[in-house]
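*Asks:* Can you keep this structure in mind? I'll have questions shortly.
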Amino acid sequence: NDTAQVRFDDEFGEESCCTAICNQTMRCGKHYATFTIEEITYQGVDIHVGIMRPIKEWDKKGVVYFDKSTRSWDRRGLDGFVPFERAFWHDLLQEKTERWGDGNVHCCTYLLSGGQCVWSDWTANSWEHWEGMEMFREDGVIGLLLDLDEGTLSVFKNGRRLGIMKSGLTGEYCWMLALGEEEVYYHGSTVRIERDSIPAV
């Protein structure tokens, strides 16, 4: 699909998180997507937008989730799934194929609240500052340019290029976003992902 939208309606709570993963797999060349963020109601909102390895049919497998109120386990698709959570790393690495290449950046995102690059090899997470980094705490549009020929991921803020956030990317990726995190209030936030034409740089 060229467009996908996620709305986060959970109330404040420990398990308030979800992830959306696009079904387009990018293996070579340049790709550009915009993430339109609307109705942010908490200034410190920590929405992640970026790329990760394709993981087939995880929405059908479901994430095993422990409901503290009922003291029971349930499956909720991708509700409760965040690729930076250690509990999922073993299963995620089981999805590895030769098409991932020899790189170790399996998930890489722009973190709205501070602008940092957050990436993971699914054995550890890293937070990095990068040249041109800016936070994003208002409604607007974040653009991401994935250049698999050069192995880079660049960030655009409301159409303005900030710079290269991450380099050394190899293999295949898909667009993703994660909304919500432990003890953060996100009620009403909406993010729309759209594939778009590559901007002139």
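Residue numbering restarts at 1 for every chain of the structure tokens, chains are lettered A, B, ... in their displayed order, and ligands are numbered from 1 as they appear.
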Report as a VMD selection string all protein, DNA and RNA residues lying within 10 Å of range 106-110 of chain A, evaluated on only C-alpha atoms, omitting residues in the same chain fewer than 6 positions from it.
*Replies:* chain A and resid 46 to 54 83 to 84 92 to 93 96 100 116 to 122 125 to 127 133 to 136 142 144 153 to 155 165 to 166 169 to 178
*Asks:* Give me, as a PyMOL selection string, the residues of range 104-151 of chain A that a backbone DSSP run labels strand (DSSP E or B).
*Replies:* chain A and resi 107-111+117-120+125-128+140-147
*Asks:* Given the choices A:Cys18, A:Ile37, A:Val105, A:Ala87, which gets closest to Arg137 in chain A if the distance is worked out from only C-alpha atoms?
*Replies:*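 Of all the options, A:Ile37 lies closest to Arg137 in chain A.
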*Asks:* So that I can check the surroundings of Phe35 in chain A, please list as a PyMOL selection string every protein, DNA and RNA residue that reaches within 7 Å of it, counting only C-alpha atoms and ignoring chain neighbours fewer than 5 positions away.
*Replies:* chain A and resi 141-143+191-194
*Asks:* Based on DSSP run over this structure's backbone, return all residues of range 75-165 of chain A in helix (DSSP H, G or I), as an NGL selection string.
*Replies:* :A and (86-93 or 98-100)
*Asks:* Could those residues be written to a file, using N, CA, C and O atoms, as a JSON list (two decimals), in the first residue's frame?
*Replies:*
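again25.json written:
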[["chain", "number", "residue", "atom", "x", "y", "z"],
["A", 86, "ARG", "N", 13.75, -6.08, 24.60],
["A", 86, "ARG", "CA", 14.62, -7.25, 24.67],
["A", 86, "ARG", "C", 13.86, -8.57, 24.57],
["A", 86, "ARG", "O", 14.35, -9.55, 24.01],
["A", 87, "ALA", "N", 12.65, -8.61, 25.08],
["A", 87, "ALA", "CA", 11.88, -9.86, 25.11],
["A", 87, "ALA", "C", 11.62, -10.42, 23.72],
["A", 87, "ALA", "O", 11.39, -11.62, 23.57],
["A", 88, "PHE", "N", 11.67, -9.58, 22.68],
["A", 88, "PHE", "CA", 11.35, -10.02, 21.32],
["A", 88, "PHE", "C", 12.58, -10.34, 20.48],
["A", 88, "PHE", "O", 12.45, -10.86, 19.37],
["A", 89, "TRP", "N", 13.77, -10.03, 20.98],
["A", 89, "TRP", "CA", 14.97, -10.09, 20.13],
["A", 89, "TRP", "C", 15.27, -11.50, 19.64],
["A", 89, "TRP", "O", 15.65, -11.69, 18.48],
["A", 90, "HIS", "N", 15.15, -12.49, 20.49],
["A", 90, "HIS", "CA", 15.47, -13.86, 20.06],
["A", 90, "HIS", "C", 14.59, -14.28, 18.89],
["A", 90, "HIS", "O", 15.09, -14.80, 17.87],
["A", 91, "ASP", "N", 13.29, -14.03, 19.00],
["A", 91, "ASP", "CA", 12.37, -14.40, 17.93],
["A", 91, "ASP", "C", 12.61, -13.59, 16.67],
["A", 91, "ASP", "O", 12.50, -14.10, 15.55],
["A", 92, "LEU", "N", 12.95, -12.31, 16.82],
["A", 92, "LEU", "CA", 13.22, -11.48, 15.66],
["A", 92, "LEU", "C", 14.45, -11.98, 14.90],
["A", 92, "LEU", "O", 14.45, -12.04, 13.66],
["A", 93, "LEU", "N", 15.48, -12.36, 15.62],
["A", 93, "LEU", "CA", 16.69, -12.85, 14.95],
["A", 93, "LEU", "C", 16.48, -14.19, 14.26],
["A", 93, "LEU", "O", 17.22, -14.54, 13.34],
["A", 98, "GLU", "N", 19.52, -14.38, 4.25],
["A", 98, "GLU", "CA", 20.68, -13.84, 3.54],
["A", 98, "GLU", "C", 20.41, -12.44, 3.00],
["A", 98, "GLU", "O", 21.34, -11.65, 2.81],
["A", 99, "ARG", "N", 19.14, -12.13, 2.78],
["A", 99, "ARG", "CA", 18.79, -10.82, 2.23],
["A", 99, "ARG", "C", 18.99, -9.68, 3.24],
["A", 99, "ARG", "O", 18.91, -8.51, 2.87],
["A", 100, "TRP", "N", 19.23, -10.02, 4.50],
["A", 100, "TRP", "CA", 19.55, -8.98, 5.48],
["A", 100, "TRP", "C", 20.96, -8.43, 5.25],
["A", 100, "TRP", "O", 21.31, -7.38, 5.78]]
*Asks:* Nearest to Thr36 in chain A: which of A:Gly168, A:Gly159, A:Gly140, A:Gly151 is it, counting only C-alpha atoms?
*Replies:*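 Closest to Thr36 in chain A of all the choices is A:Gly140.
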*Asks:* To one decimal place, how far is CA of Arg27 in chain A from CA of Ser197 in chain A in Å?
*Replies:*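 CA of Ser197 in chain A lies at a distance of 17.2 Å from CA of Arg27 in chain A.
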*Asks:* Please indicate the distance in Å from CA of Glu128 in chain A to CA of Val201 in chain A, rounded to one decimal place.
*Replies:*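 We find that CA of Glu128 in chain A and CA of Val201 in chain A lie 23.4 Å from each other.
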*Asks:* Nearest to Lys30 in chain A: which of A:Ile164, A:Leu145, A:Leu179, A:Ala200 is it, counting only C-alpha atoms?
*Replies:*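 Of all the options, A:Leu145 lies closest to Lys30 in chain A.
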*Asks:* My list of candidates is A:Ala124, A:Val82, A:Leu111, A:Ile55. Which is closest to Thr97 in chain A when distances are computed with only C-alpha atoms?
*Replies:*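 Ranking A:Ala124, A:Val82, A:Leu111, A:Ile55 by distance to Thr97 in chain A, first place goes to A:Ile55.
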*Asks:* Tell me which of A:Thr19, A:Asn104, A:Ser167, A:Thr34 sits closest to Phe81 in chain A, counting only C-alpha atoms.
*Replies:*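 Nearest candidate to Phe81 in chain A out of A:Thr19, A:Asn104, A:Ser167, A:Thr34: A:Thr19.
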